[in-house]
$ cat entry_33.cif   # mmCIF, C-alpha atoms
data_final
loop_
_atom_site.group_PDB
_atom_site.id
_atom_site.type_symbol
_atom_site.label_atom_id
_atom_site.label_comp_id
_atom_site.auth_asym_id
_atom_site.auth_seq_id
_atom_site.Cartn_x
_atom_site.Cartn_y
_atom_site.Cartn_z
ATOM 1 C CA ASP A 1 -54.402 -54.113 -138.297
ATOM 2 C CA ALA A 2 -56.869 -51.681 -136.780
ATOM 3 C CA LYS A 3 -56.749 -48.064 -137.877
ATOM 4 C CA THR A 4 -56.060 -45.228 -135.490
ATOM 5 C CA THR A 5 -57.203 -41.618 -135.439
ATOM 6 C CA GLN A 6 -55.144 -38.858 -133.852
ATOM 7 C CA PRO A 7 -55.440 -35.070 -133.856
ATOM 8 C CA PRO A 8 -52.968 -33.616 -136.373
ATOM 9 C CA SER A 9 -51.415 -31.193 -133.914
ATOM 10 C CA MET A 10 -51.354 -30.159 -130.259
ATOM 11 C CA ASP A 11 -49.612 -27.609 -128.111
ATOM 12 C CA CYS A 12 -48.528 -27.891 -124.499
ATOM 13 C CA ALA A 13 -46.690 -25.604 -122.106
ATOM 14 C CA GLU A 14 -43.307 -26.685 -120.841
ATOM 15 C CA GLY A 15 -43.543 -28.390 -117.461
ATOM 16 C CA ARG A 16 -47.180 -29.329 -117.930
ATOM 17 C CA ALA A 17 -48.552 -32.778 -118.653
ATOM 18 C CA ALA A 18 -49.101 -33.476 -122.345
ATOM 19 C CA ASN A 19 -52.073 -35.738 -123.025
ATOM 20 C CA LEU A 20 -52.192 -37.205 -126.525
ATOM 21 C CA PRO A 21 -55.407 -38.997 -127.473
ATOM 22 C CA CYS A 22 -55.820 -41.848 -129.913
ATOM 23 C CA ASN A 23 -58.985 -43.543 -131.149
ATOM 24 C CA HIS A 24 -58.848 -47.169 -132.245
ATOM 25 C CA SER A 25 -62.486 -48.219 -132.220
ATOM 26 C CA THR A 26 -61.923 -51.304 -134.422
ATOM 27 C CA ILE A 27 -59.150 -52.765 -132.275
ATOM 28 C CA SER A 28 -59.389 -56.516 -131.834
ATOM 29 C CA GLY A 29 -58.721 -58.550 -128.732
ATOM 30 C CA ASN A 30 -55.158 -59.554 -129.535
ATOM 31 C CA GLU A 31 -53.966 -56.142 -130.695
ATOM 32 C CA TYR A 32 -51.657 -54.017 -128.616
ATOM 33 C CA VAL A 33 -51.451 -50.231 -128.620
ATOM 34 C CA TYR A 34 -47.953 -48.962 -129.396
ATOM 35 C CA TRP A 35 -46.671 -45.397 -129.242
ATOM 36 C CA TYR A 36 -43.637 -44.120 -131.090
ATOM 37 C CA ARG A 37 -42.357 -40.607 -131.630
ATOM 38 C CA GLN A 38 -40.178 -38.979 -134.262
ATOM 39 C CA ILE A 39 -38.126 -35.962 -133.329
ATOM 40 C CA HIS A 40 -37.412 -33.785 -136.356
ATOM 41 C CA SER A 41 -36.167 -36.143 -139.065
ATOM 42 C CA GLN A 42 -34.564 -38.579 -136.643
ATOM 43 C CA GLY A 43 -35.564 -42.232 -136.642
ATOM 44 C CA PRO A 44 -38.798 -43.076 -134.800
ATOM 45 C CA GLN A 45 -38.340 -43.973 -131.149
ATOM 46 C CA TYR A 46 -40.398 -46.463 -129.178
ATOM 47 C CA ILE A 47 -42.178 -44.977 -126.148
ATOM 48 C CA ILE A 48 -44.544 -47.494 -124.621
ATOM 49 C CA HIS A 49 -47.106 -50.161 -125.406
ATOM 50 C CA GLY A 50 -50.035 -51.855 -123.690
ATOM 51 C CA LEU A 51 -52.852 -54.338 -124.160
ATOM 52 C CA LYS A 52 -55.599 -53.459 -121.681
ATOM 53 C CA ASN A 53 -53.962 -52.377 -118.451
ATOM 54 C CA ASN A 54 -52.523 -48.944 -117.933
ATOM 55 C CA GLU A 55 -48.767 -48.864 -118.329
ATOM 56 C CA THR A 56 -46.022 -46.572 -117.097
ATOM 57 C CA ASN A 57 -42.321 -46.379 -117.849
ATOM 58 C CA GLU A 58 -39.585 -43.796 -117.498
ATOM 59 C CA MET A 59 -40.815 -41.905 -120.550
ATOM 60 C CA ALA A 60 -44.587 -41.872 -120.321
ATOM 61 C CA SER A 61 -47.850 -43.372 -119.126
ATOM 62 C CA LEU A 62 -50.423 -45.088 -121.281
ATOM 63 C CA ILE A 63 -54.072 -45.053 -120.283
ATOM 64 C CA ILE A 64 -56.339 -47.447 -122.185
ATOM 65 C CA THR A 65 -60.102 -47.213 -121.779
ATOM 66 C CA GLU A 66 -61.963 -50.230 -120.482
ATOM 67 C CA ASP A 67 -63.538 -50.933 -123.879
ATOM 68 C CA ARG A 68 -60.073 -50.449 -125.462
ATOM 69 C CA LYS A 69 -61.510 -48.216 -128.164
ATOM 70 C CA SER A 70 -59.265 -45.324 -127.242
ATOM 71 C CA SER A 71 -56.118 -44.519 -125.317
ATOM 72 C CA THR A 72 -54.127 -41.543 -124.073
ATOM 73 C CA LEU A 73 -50.384 -41.126 -123.939
ATOM 74 C CA ILE A 74 -49.308 -38.921 -121.049
ATOM 75 C CA LEU A 75 -45.968 -37.141 -120.852
ATOM 76 C CA PRO A 76 -46.106 -36.027 -117.201
ATOM 77 C CA HIS A 77 -43.738 -33.068 -117.315
ATOM 78 C CA ALA A 78 -43.218 -32.048 -120.914
ATOM 79 C CA THR A 79 -39.919 -30.472 -121.904
ATOM 80 C CA LEU A 80 -38.901 -28.691 -125.099
ATOM 81 C CA ARG A 81 -37.149 -31.894 -126.178
ATOM 82 C CA ASP A 82 -40.524 -33.649 -126.271
ATOM 83 C CA THR A 83 -41.501 -31.634 -129.352
ATOM 84 C CA ALA A 84 -42.035 -34.337 -131.958
ATOM 85 C CA VAL A 85 -44.585 -36.239 -134.044
ATOM 86 C CA TYR A 86 -46.254 -38.922 -131.927
ATOM 87 C CA TYR A 87 -47.622 -42.045 -133.597
ATOM 88 C CA CYS A 88 -50.258 -44.338 -132.134
ATOM 89 C CA ILE A 89 -50.225 -47.795 -133.733
ATOM 90 C CA VAL A 90 -52.282 -50.882 -133.020
ATOM 91 C CA ARG A 91 -50.644 -54.160 -133.759
ATOM 92 C CA ALA A 92 -50.947 -57.794 -132.868
ATOM 93 C CA ARG A 93 -47.808 -59.146 -131.256
ATOM 94 C CA ILE A 94 -46.659 -61.905 -133.561
ATOM 95 C CA GLN A 95 -43.498 -63.892 -133.991
ATOM 96 C CA GLY A 96 -41.179 -62.614 -136.652
ATOM 97 C CA ALA A 97 -41.357 -59.211 -138.230
ATOM 98 C CA GLN A 98 -43.432 -56.386 -136.808
ATOM 99 C CA LYS A 99 -45.169 -54.685 -139.699
ATOM 100 C CA LEU A 100 -45.873 -51.347 -138.089
ATOM 101 C CA VAL A 101 -48.187 -49.118 -140.099
ATOM 102 C CA PHE A 102 -47.539 -45.463 -139.299
ATOM 103 C CA GLY A 103 -50.345 -42.945 -139.764
ATOM 104 C CA GLN A 104 -50.003 -39.166 -139.823
ATOM 105 C CA GLY A 105 -49.519 -38.923 -136.074
ATOM 106 C CA THR A 106 -49.893 -35.873 -133.818
ATOM 107 C CA ARG A 107 -47.387 -33.080 -134.081
ATOM 108 C CA LEU A 108 -46.817 -32.037 -130.461
ATOM 109 C CA THR A 109 -45.221 -28.666 -129.853
ATOM 110 C CA ILE A 110 -43.968 -27.852 -126.372
ATOM 111 C CA ASN A 111 -43.918 -24.111 -125.780
ATOM 112 C CA PRO A 112 -41.591 -22.373 -123.311
ATOM 113 C CA ASP B 113 -22.177 -46.936 -129.398
ATOM 114 C CA THR B 114 -24.860 -46.693 -132.100
ATOM 115 C CA ALA B 115 -27.359 -49.548 -132.057
ATOM 116 C CA VAL B 116 -28.591 -49.239 -135.662
ATOM 117 C CA SER B 117 -26.251 -47.402 -137.991
ATOM 118 C CA GLN B 118 -26.796 -46.454 -141.607
ATOM 119 C CA THR B 119 -24.377 -45.181 -144.211
ATOM 120 C CA PRO B 120 -24.330 -42.827 -145.912
ATOM 121 C CA LYS B 121 -26.431 -40.271 -144.023
ATOM 122 C CA TYR B 122 -26.744 -38.108 -147.120
ATOM 123 C CA LEU B 123 -26.646 -39.141 -150.750
ATOM 124 C CA VAL B 124 -27.097 -36.871 -153.757
ATOM 125 C CA THR B 125 -27.059 -38.493 -157.164
ATOM 126 C CA GLN B 126 -28.283 -38.195 -160.727
ATOM 127 C CA MET B 127 -31.289 -39.927 -162.243
ATOM 128 C CA GLY B 128 -30.435 -43.289 -163.717
ATOM 129 C CA ASN B 129 -27.574 -44.037 -161.339
ATOM 130 C CA ASP B 130 -27.360 -47.087 -159.069
ATOM 131 C CA LYS B 131 -26.722 -46.569 -155.369
ATOM 132 C CA SER B 132 -26.610 -48.560 -152.146
ATOM 133 C CA ILE B 133 -27.399 -47.754 -148.531
ATOM 134 C CA LYS B 134 -25.901 -49.944 -145.836
ATOM 135 C CA CYS B 135 -27.336 -50.806 -142.437
ATOM 136 C CA GLU B 136 -25.810 -52.574 -139.475
ATOM 137 C CA GLN B 137 -27.232 -53.355 -136.030
ATOM 138 C CA ASN B 138 -25.281 -54.455 -132.967
ATOM 139 C CA LEU B 139 -28.302 -55.368 -130.831
ATOM 140 C CA GLY B 140 -28.245 -59.073 -131.627
ATOM 141 C CA HIS B 141 -31.664 -58.835 -133.259
ATOM 142 C CA ASP B 142 -32.796 -61.345 -135.836
ATOM 143 C CA THR B 143 -35.143 -59.096 -137.827
ATOM 144 C CA MET B 144 -34.317 -56.028 -139.876
ATOM 145 C CA TYR B 145 -36.415 -53.598 -141.913
ATOM 146 C CA TRP B 146 -36.292 -50.828 -144.462
ATOM 147 C CA TYR B 147 -38.802 -47.976 -144.232
ATOM 148 C CA LYS B 148 -39.219 -45.057 -146.617
ATOM 149 C CA GLN B 149 -40.332 -41.578 -145.519
ATOM 150 C CA ASP B 150 -41.358 -39.356 -148.396
ATOM 151 C CA SER B 151 -41.693 -35.585 -148.618
ATOM 152 C CA LYS B 152 -45.159 -35.743 -147.042
ATOM 153 C CA LYS B 153 -43.569 -37.464 -144.036
ATOM 154 C CA PHE B 154 -45.437 -40.743 -144.412
ATOM 155 C CA LEU B 155 -43.424 -43.689 -143.112
ATOM 156 C CA LYS B 156 -43.981 -46.847 -145.127
ATOM 157 C CA ILE B 157 -42.453 -50.255 -144.708
ATOM 158 C CA MET B 158 -40.611 -51.612 -147.730
ATOM 159 C CA PHE B 159 -38.944 -54.846 -146.685
ATOM 160 C CA SER B 160 -38.223 -57.028 -143.703
ATOM 161 C CA TYR B 161 -35.743 -59.859 -143.226
ATOM 162 C CA ASN B 162 -35.808 -62.410 -140.434
ATOM 163 C CA ASN B 163 -32.638 -64.461 -140.065
ATOM 164 C CA LYS B 164 -31.550 -63.420 -143.556
ATOM 165 C CA GLU B 165 -34.850 -64.533 -145.065
ATOM 166 C CA LEU B 166 -37.165 -62.040 -146.781
ATOM 167 C CA ILE B 167 -40.525 -62.118 -145.000
ATOM 168 C CA ILE B 168 -42.109 -58.748 -145.798
ATOM 169 C CA ASN B 169 -42.004 -57.344 -149.304
ATOM 170 C CA GLU B 170 -44.421 -54.506 -149.853
ATOM 171 C CA THR B 171 -45.352 -53.179 -153.270
ATOM 172 C CA VAL B 172 -41.951 -51.806 -154.130
ATOM 173 C CA PRO B 173 -40.499 -51.500 -157.651
ATOM 174 C CA ASN B 174 -38.048 -54.277 -158.397
ATOM 175 C CA ARG B 175 -35.386 -51.607 -158.886
ATOM 176 C CA PHE B 176 -35.088 -51.868 -155.111
ATOM 177 C CA SER B 177 -33.235 -54.967 -153.979
ATOM 178 C CA PRO B 178 -32.475 -55.644 -150.336
ATOM 179 C CA LYS B 179 -29.586 -57.906 -149.410
ATOM 180 C CA SER B 180 -28.895 -59.443 -146.026
ATOM 181 C CA PRO B 181 -25.424 -61.036 -145.867
ATOM 182 C CA ASP B 182 -25.967 -61.897 -142.199
ATOM 183 C CA LYS B 183 -28.398 -61.163 -139.376
ATOM 184 C CA ALA B 184 -26.627 -57.956 -138.418
ATOM 185 C CA HIS B 185 -26.699 -56.349 -141.862
ATOM 186 C CA LEU B 186 -29.402 -55.347 -144.308
ATOM 187 C CA ASN B 187 -28.343 -53.318 -147.319
ATOM 188 C CA LEU B 188 -30.593 -51.598 -149.834
ATOM 189 C CA HIS B 189 -29.534 -51.365 -153.445
ATOM 190 C CA ILE B 190 -31.452 -49.138 -155.842
ATOM 191 C CA ASN B 191 -31.035 -49.370 -159.614
ATOM 192 C CA SER B 192 -31.885 -46.732 -162.193
ATOM 193 C CA LEU B 193 -32.756 -44.067 -159.667
ATOM 194 C CA GLU B 194 -35.794 -41.865 -160.375
ATOM 195 C CA LEU B 195 -36.805 -38.473 -159.038
ATOM 196 C CA GLY B 196 -39.567 -40.094 -156.988
ATOM 197 C CA ASP B 197 -37.019 -42.144 -155.078
ATOM 198 C CA SER B 198 -35.936 -39.010 -153.236
ATOM 199 C CA ALA B 199 -36.803 -39.655 -149.607
ATOM 200 C CA VAL B 200 -35.351 -40.521 -146.232
ATOM 201 C CA TYR B 201 -34.743 -44.248 -145.859
ATOM 202 C CA PHE B 202 -34.777 -45.700 -142.361
ATOM 203 C CA CYS B 203 -33.353 -49.016 -141.332
ATOM 204 C CA ALA B 204 -34.702 -50.709 -138.210
ATOM 205 C CA SER B 205 -34.283 -53.912 -136.266
ATOM 206 C CA SER B 206 -36.263 -55.912 -133.727
ATOM 207 C CA GLN B 207 -36.153 -59.190 -131.911
ATOM 208 C CA GLY B 208 -38.538 -61.434 -133.783
ATOM 209 C CA LEU B 209 -38.962 -64.035 -131.066
ATOM 210 C CA LEU B 210 -41.447 -62.855 -128.434
ATOM 211 C CA THR B 211 -40.796 -65.695 -126.015
ATOM 212 C CA TYR B 212 -39.650 -63.493 -123.185
ATOM 213 C CA SER B 213 -42.009 -61.050 -121.498
ATOM 214 C CA THR B 214 -39.222 -58.492 -121.391
ATOM 215 C CA ASN B 215 -39.191 -58.362 -125.174
ATOM 216 C CA THR B 216 -41.499 -55.509 -126.096
ATOM 217 C CA GLY B 217 -41.326 -56.248 -129.795
ATOM 218 C CA GLU B 218 -40.241 -52.666 -130.352
ATOM 219 C CA LEU B 219 -38.391 -51.545 -133.428
ATOM 220 C CA PHE B 220 -35.080 -49.727 -133.099
ATOM 221 C CA PHE B 221 -34.563 -47.268 -135.938
ATOM 222 C CA GLY B 222 -31.407 -45.836 -137.411
ATOM 223 C CA GLU B 223 -30.926 -42.110 -138.002
ATOM 224 C CA GLY B 224 -31.961 -42.291 -141.629
ATOM 225 C CA SER B 225 -30.292 -41.833 -145.004
ATOM 226 C CA ARG B 226 -31.493 -38.852 -147.003
ATOM 227 C CA LEU B 227 -31.436 -39.652 -150.709
ATOM 228 C CA THR B 228 -31.793 -36.823 -153.212
ATOM 229 C CA VAL B 229 -32.131 -37.691 -156.884
ATOM 230 C CA LEU B 230 -31.490 -34.801 -159.305
#

$ encode --input "entry_33.cif" --output "structure tokens"
Amino acid sequence: DAKTTQPPSMDCAEGRAANLPCNHSTISGNEYVYWYRQIHSQGPQYIIHGLKNNETNEMASLIITEDRKSSTLILPHATLRDTAVYYCIVRARIQGAQKLVFGQGTRLTINP
Amino acid sequence: DTAVSQTPKYLVTQMGNDKSIKCEQNLGHDTMYWYKQDSKKFLKIMFSYNNKELIINETVPNRFSPKSPDKAHLNLHINSLELGDSAVYFCASSQGLLTYSTNTGELFFGEGSRLTVL
């Protein structure tokens, strides 16, 4: 699985859009970009995933560059409850178990 | 109605003891996992079972033995506990078959079981 690089920490003001970058320059053609987050010692929570098109759901938007070497997770109107560690993971979608490899992630702090 | 539930949530025990952590999922998934999160907050996969069959077994001491009595349960038994086993253990589940486009392949995690070995 391709490695990802994320900034260790970021801050964002409440109500603003939080943009979390992720580099995955060695991503291969069949690998998806997944985002999870972990809110203070809770279990990680799935946010969104994509292959090459931009994706949006009720939680966030995912923007993937045309060369797929990087992506940005966007939380459009960040709230205090969005304070968490955000993990960017690249993974081929295969049958059977999903062996997600979590890196250090980005610790996002939403400030009032 | 908790999707992935683990018991106990907290466990404090002495070195050398044997302990078990139980996990149950009510999502109808066919794949379950155990992850370990150490004091440095790294999340690492330990095991995965698909339809009660072990399919992922990372480099984990054989003191750790997972057991899956059925698709909805995956228990973790740890023998001869050591100080370094202190961590938060997360159970997770997913739908292994990706036939349907609505299946994102996402993992659903439990709330974790914090194990402290004294």

$ residues_around --input "entry_33.cif" --residues "Leu166 of chain B" --least-positions-apart "4" --cutoff "10 Å" --atoms "only C-alpha atoms" --output "ChimeraX atom specification"
/A:97 /B:143-145,159-162,178-180

$ closest_atom_pairs --input "entry_33.cif" --of "chain B" --to "chain A" --cutoff "7 Å" --atoms "all atoms listed in the file" --output "JSON lines"
{"residue": "B:Thr143", "atom": "CA", "partner": "A:Ala97", "partner_atom": "CA", "distance": 6.2}
{"residue": "B:Phe154", "atom": "CA", "partner": "A:Gln104", "partner_atom": "CA", "distance": 6.7}
{"residue": "B:Leu155", "atom": "CA", "partner": "A:Phe102", "partner_atom": "CA", "distance": 5.9}
{"residue": "B:Lys156", "atom": "CA", "partner": "A:Val101", "partner_atom": "CA", "distance": 6.9}
{"residue": "B:Ser160", "atom": "CA", "partner": "A:Ala97", "partner_atom": "CA", "distance": 6.7}
{"residue": "B:Asn162", "atom": "CA", "partner": "A:Gly96", "partner_atom": "CA", "distance": 6.6}
{"residue": "B:Phe202", "atom": "CA", "partner": "A:Gly43", "partner_atom": "CA", "distance": 6.7}
{"residue": "B:Gly208", "atom": "CA", "partner": "A:Gly96", "partner_atom": "CA", "distance": 4.1}
{"residue": "B:Leu209", "atom": "CA", "partner": "A:Gln95", "partner_atom": "CA", "distance": 5.4}
{"residue": "B:Leu210", "atom": "CA", "partner": "A:Gln95", "partner_atom": "CA", "distance": 6.0}
{"residue": "B:Glu218", "atom": "CA", "partner": "A:Tyr46", "partner_atom": "CA", "distance": 6.3}
{"residue": "B:Leu219", "atom": "CA", "partner": "A:Tyr46", "partner_atom": "CA", "distance": 6.9}
{"residue": "B:Phe220", "atom": "CA", "partner": "A:Gln45", "partner_atom": "CA", "distance": 6.9}
{"residue": "B:Phe221", "atom": "CA", "partner": "A:Gly43", "partner_atom": "CA", "distance": 5.2}
{"residue": "B:Gly222", "atom": "CA", "partner": "A:Gly43", "partner_atom": "CA", "distance": 5.6}
{"residue": "B:Glu223", "atom": "CA", "partner": "A:Gly43", "partner_atom": "CA", "distance": 4.8}
{"residue": "B:Gly224", "atom": "CA", "partner": "A:Gly43", "partner_atom": "CA", "distance": 6.2}

$ residues_around --input "entry_33.cif" --residues "Tyr122 of chain B" --least-positions-apart "5" --cutoff "12 Å" --atoms "all atoms listed in the file" --output "ChimeraX atom specification"
/B:131-134,198-201,223-229

$ residues_around --input "entry_33.cif" --residues "segment 62-70 of chain A" --least-positions-apart "2" --cutoff "8 Å" --atoms "all atoms listed in the file" --output "PyMOL selection string"
chain A and resi 21-27+48-56+60+72-74

$ atom_distance --input "entry_33.cif" --atom1 "atom CA of Leu193 of chain B" --atom2 "atom CA of Asp130 of chain B"
6.2 Å

$ build_atoms --input "entry_33.cif" --residues "segment 48-59 of chain A" --atoms "all heavy atoms" --output "PDB file, in the frame of the given file"
ATOM      1  N   ILE A  48     -43.842 -46.631-125.553  1.00  0.00           N
ATOM      2  CA  ILE A  48     -44.544 -47.494-124.621  1.00  0.00           C
ATOM      3  C   ILE A  48     -45.553 -48.334-125.390  1.00  0.00           C
ATOM      4  O   ILE A  48     -45.889 -48.008-126.535  1.00  0.00           O
ATOM      5  CB  ILE A  48     -45.248 -46.633-123.542  1.00  0.00           C
ATOM      6  CG1 ILE A  48     -45.599 -47.437-122.296  1.00  0.00           C
ATOM      7  CG2 ILE A  48     -46.493 -45.937-124.120  1.00  0.00           C
ATOM      8  CD1 ILE A  48     -46.015 -46.557-121.110  1.00  0.00           C
ATOM      9  N   HIS A  49     -46.014 -49.413-124.806  1.00  0.00           N
ATOM     10  CA  HIS A  49     -47.106 -50.161-125.406  1.00  0.00           C
ATOM     11  C   HIS A  49     -47.946 -50.803-124.312  1.00  0.00           C
ATOM     12  O   HIS A  49     -47.495 -50.943-123.157  1.00  0.00           O
ATOM     13  CB  HIS A  49     -46.591 -51.210-126.393  1.00  0.00           C
ATOM     14  CG  HIS A  49     -46.054 -52.459-125.758  1.00  0.00           C
ATOM     15  ND1 HIS A  49     -44.837 -52.497-125.114  1.00  0.00           N
ATOM     16  CD2 HIS A  49     -46.573 -53.707-125.674  1.00  0.00           C
ATOM     17  CE1 HIS A  49     -44.623 -53.716-124.658  1.00  0.00           C
ATOM     18  NE2 HIS A  49     -45.659 -54.482-124.971  1.00  0.00           N
ATOM     19  N   GLY A  50     -49.167 -51.206-124.665  1.00  0.00           N
ATOM     20  CA  GLY A  50     -50.035 -51.855-123.690  1.00  0.00           C
ATOM     21  C   GLY A  50     -51.132 -52.642-124.382  1.00  0.00           C
ATOM     22  O   GLY A  50     -51.422 -52.424-125.560  1.00  0.00           O
ATOM     23  N   LEU A  51     -51.758 -53.529-123.619  1.00  0.00           N
ATOM     24  CA  LEU A  51     -52.852 -54.338-124.160  1.00  0.00           C
ATOM     25  C   LEU A  51     -54.187 -53.870-123.595  1.00  0.00           C
ATOM     26  O   LEU A  51     -55.074 -53.467-124.332  1.00  0.00           O
ATOM     27  CB  LEU A  51     -52.630 -55.811-123.826  1.00  0.00           C
ATOM     28  CG  LEU A  51     -53.667 -56.787-124.384  1.00  0.00           C
ATOM     29  CD1 LEU A  51     -53.683 -56.754-125.899  1.00  0.00           C
ATOM     30  CD2 LEU A  51     -53.397 -58.202-123.871  1.00  0.00           C
ATOM     31  N   LYS A  52     -54.358 -53.935-122.288  1.00  0.00           N
ATOM     32  CA  LYS A  52     -55.599 -53.459-121.681  1.00  0.00           C
ATOM     33  C   LYS A  52     -55.363 -52.752-120.354  1.00  0.00           C
ATOM     34  O   LYS A  52     -56.137 -51.904-119.958  1.00  0.00           O
ATOM     35  CB  LYS A  52     -56.609 -54.582-121.494  1.00  0.00           C
ATOM     36  CG  LYS A  52     -56.073 -55.818-120.818  1.00  0.00           C
ATOM     37  CD  LYS A  52     -57.137 -56.891-120.814  1.00  0.00           C
ATOM     38  CE  LYS A  52     -56.596 -58.183-120.200  1.00  0.00           C
ATOM     39  NZ  LYS A  52     -57.606 -59.261-120.217  1.00  0.00           N
ATOM     40  N   ASN A  53     -54.271 -53.070-119.691  1.00  0.00           N
ATOM     41  CA  ASN A  53     -53.962 -52.377-118.451  1.00  0.00           C
ATOM     42  C   ASN A  53     -53.197 -51.094-118.730  1.00  0.00           C
ATOM     43  O   ASN A  53     -52.522 -50.969-119.742  1.00  0.00           O
ATOM     44  CB  ASN A  53     -53.106 -53.273-117.547  1.00  0.00           C
ATOM     45  CG  ASN A  53     -53.848 -54.524-117.130  1.00  0.00           C
ATOM     46  OD1 ASN A  53     -55.049 -54.493-116.928  1.00  0.00           O
ATOM     47  ND2 ASN A  53     -53.130 -55.627-117.032  1.00  0.00           N
ATOM     48  N   ASN A  54     -53.315 -50.158-117.813  1.00  0.00           N
ATOM     49  CA  ASN A  54     -52.523 -48.944-117.933  1.00  0.00           C
ATOM     50  C   ASN A  54     -51.053 -49.292-117.710  1.00  0.00           C
ATOM     51  O   ASN A  54     -50.720 -50.187-116.929  1.00  0.00           O
ATOM     52  CB  ASN A  54     -52.990 -47.903-116.918  1.00  0.00           C
ATOM     53  CG  ASN A  54     -54.421 -47.478-117.163  1.00  0.00           C
ATOM     54  OD1 ASN A  54     -54.932 -47.598-118.273  1.00  0.00           O
ATOM     55  ND2 ASN A  54     -55.070 -46.986-116.134  1.00  0.00           N
ATOM     56  N   GLU A  55     -50.200 -48.594-118.410  1.00  0.00           N
ATOM     57  CA  GLU A  55     -48.767 -48.864-118.329  1.00  0.00           C
ATOM     58  C   GLU A  55     -47.998 -47.579-118.055  1.00  0.00           C
ATOM     59  O   GLU A  55     -48.422 -46.495-118.481  1.00  0.00           O
ATOM     60  CB  GLU A  55     -48.254 -49.479-119.636  1.00  0.00           C
ATOM     61  CG  GLU A  55     -48.936 -50.775-120.053  1.00  0.00           C
ATOM     62  CD  GLU A  55     -48.537 -51.953-119.192  1.00  0.00           C
ATOM     63  OE1 GLU A  55     -47.525 -51.858-118.460  1.00  0.00           O
ATOM     64  OE2 GLU A  55     -49.244 -52.985-119.245  1.00  0.00           O
ATOM     65  N   THR A  56     -46.887 -47.728-117.370  1.00  0.00           N
ATOM     66  CA  THR A  56     -46.022 -46.572-117.097  1.00  0.00           C
ATOM     67  C   THR A  56     -44.572 -47.013-117.231  1.00  0.00           C
ATOM     68  O   THR A  56     -44.210 -48.105-116.791  1.00  0.00           O
ATOM     69  CB  THR A  56     -46.260 -46.012-115.684  1.00  0.00           C
ATOM     70  OG1 THR A  56     -47.599 -45.513-115.602  1.00  0.00           O
ATOM     71  CG2 THR A  56     -45.307 -44.871-115.377  1.00  0.00           C
ATOM     72  N   ASN A  57     -43.770 -46.157-117.839  1.00  0.00           N
ATOM     73  CA  ASN A  57     -42.321 -46.379-117.849  1.00  0.00           C
ATOM     74  C   ASN A  57     -41.638 -45.042-117.614  1.00  0.00           C
ATOM     75  O   ASN A  57     -42.299 -44.043-117.267  1.00  0.00           O
ATOM     76  CB  ASN A  57     -41.853 -47.085-119.128  1.00  0.00           C
ATOM     77  CG  ASN A  57     -42.101 -46.272-120.375  1.00  0.00           C
ATOM     78  OD1 ASN A  57     -42.290 -45.054-120.338  1.00  0.00           O
ATOM     79  ND2 ASN A  57     -42.106 -46.945-121.514  1.00  0.00           N
ATOM     80  N   GLU A  58     -40.334 -45.013-117.808  1.00  0.00           N
ATOM     81  CA  GLU A  58     -39.585 -43.796-117.498  1.00  0.00           C
ATOM     82  C   GLU A  58     -39.914 -42.655-118.446  1.00  0.00           C
ATOM     83  O   GLU A  58     -39.607 -41.506-118.159  1.00  0.00           O
ATOM     84  CB  GLU A  58     -38.082 -44.086-117.509  1.00  0.00           C
ATOM     85  CG  GLU A  58     -37.524 -44.501-118.858  1.00  0.00           C
ATOM     86  CD  GLU A  58     -37.749 -45.965-119.169  1.00  0.00           C
ATOM     87  OE1 GLU A  58     -38.397 -46.659-118.351  1.00  0.00           O
ATOM     88  OE2 GLU A  58     -37.275 -46.421-120.229  1.00  0.00           O
ATOM     89  N   MET A  59     -40.517 -42.956-119.567  1.00  0.00           N
ATOM     90  CA  MET A  59     -40.815 -41.905-120.550  1.00  0.00           C
ATOM     91  C   MET A  59     -42.237 -41.377-120.436  1.00  0.00           C
ATOM     92  O   MET A  59     -42.472 -40.175-120.612  1.00  0.00           O
ATOM     93  CB  MET A  59     -40.600 -42.421-121.971  1.00  0.00           C
ATOM     94  CG  MET A  59     -39.161 -42.650-122.355  1.00  0.00           C
ATOM     95  SD  MET A  59     -39.006 -43.189-124.066  1.00  0.00           S
ATOM     96  CE  MET A  59     -39.497 -41.717-124.942  1.00  0.00           C
TER      97      MET A  59
END
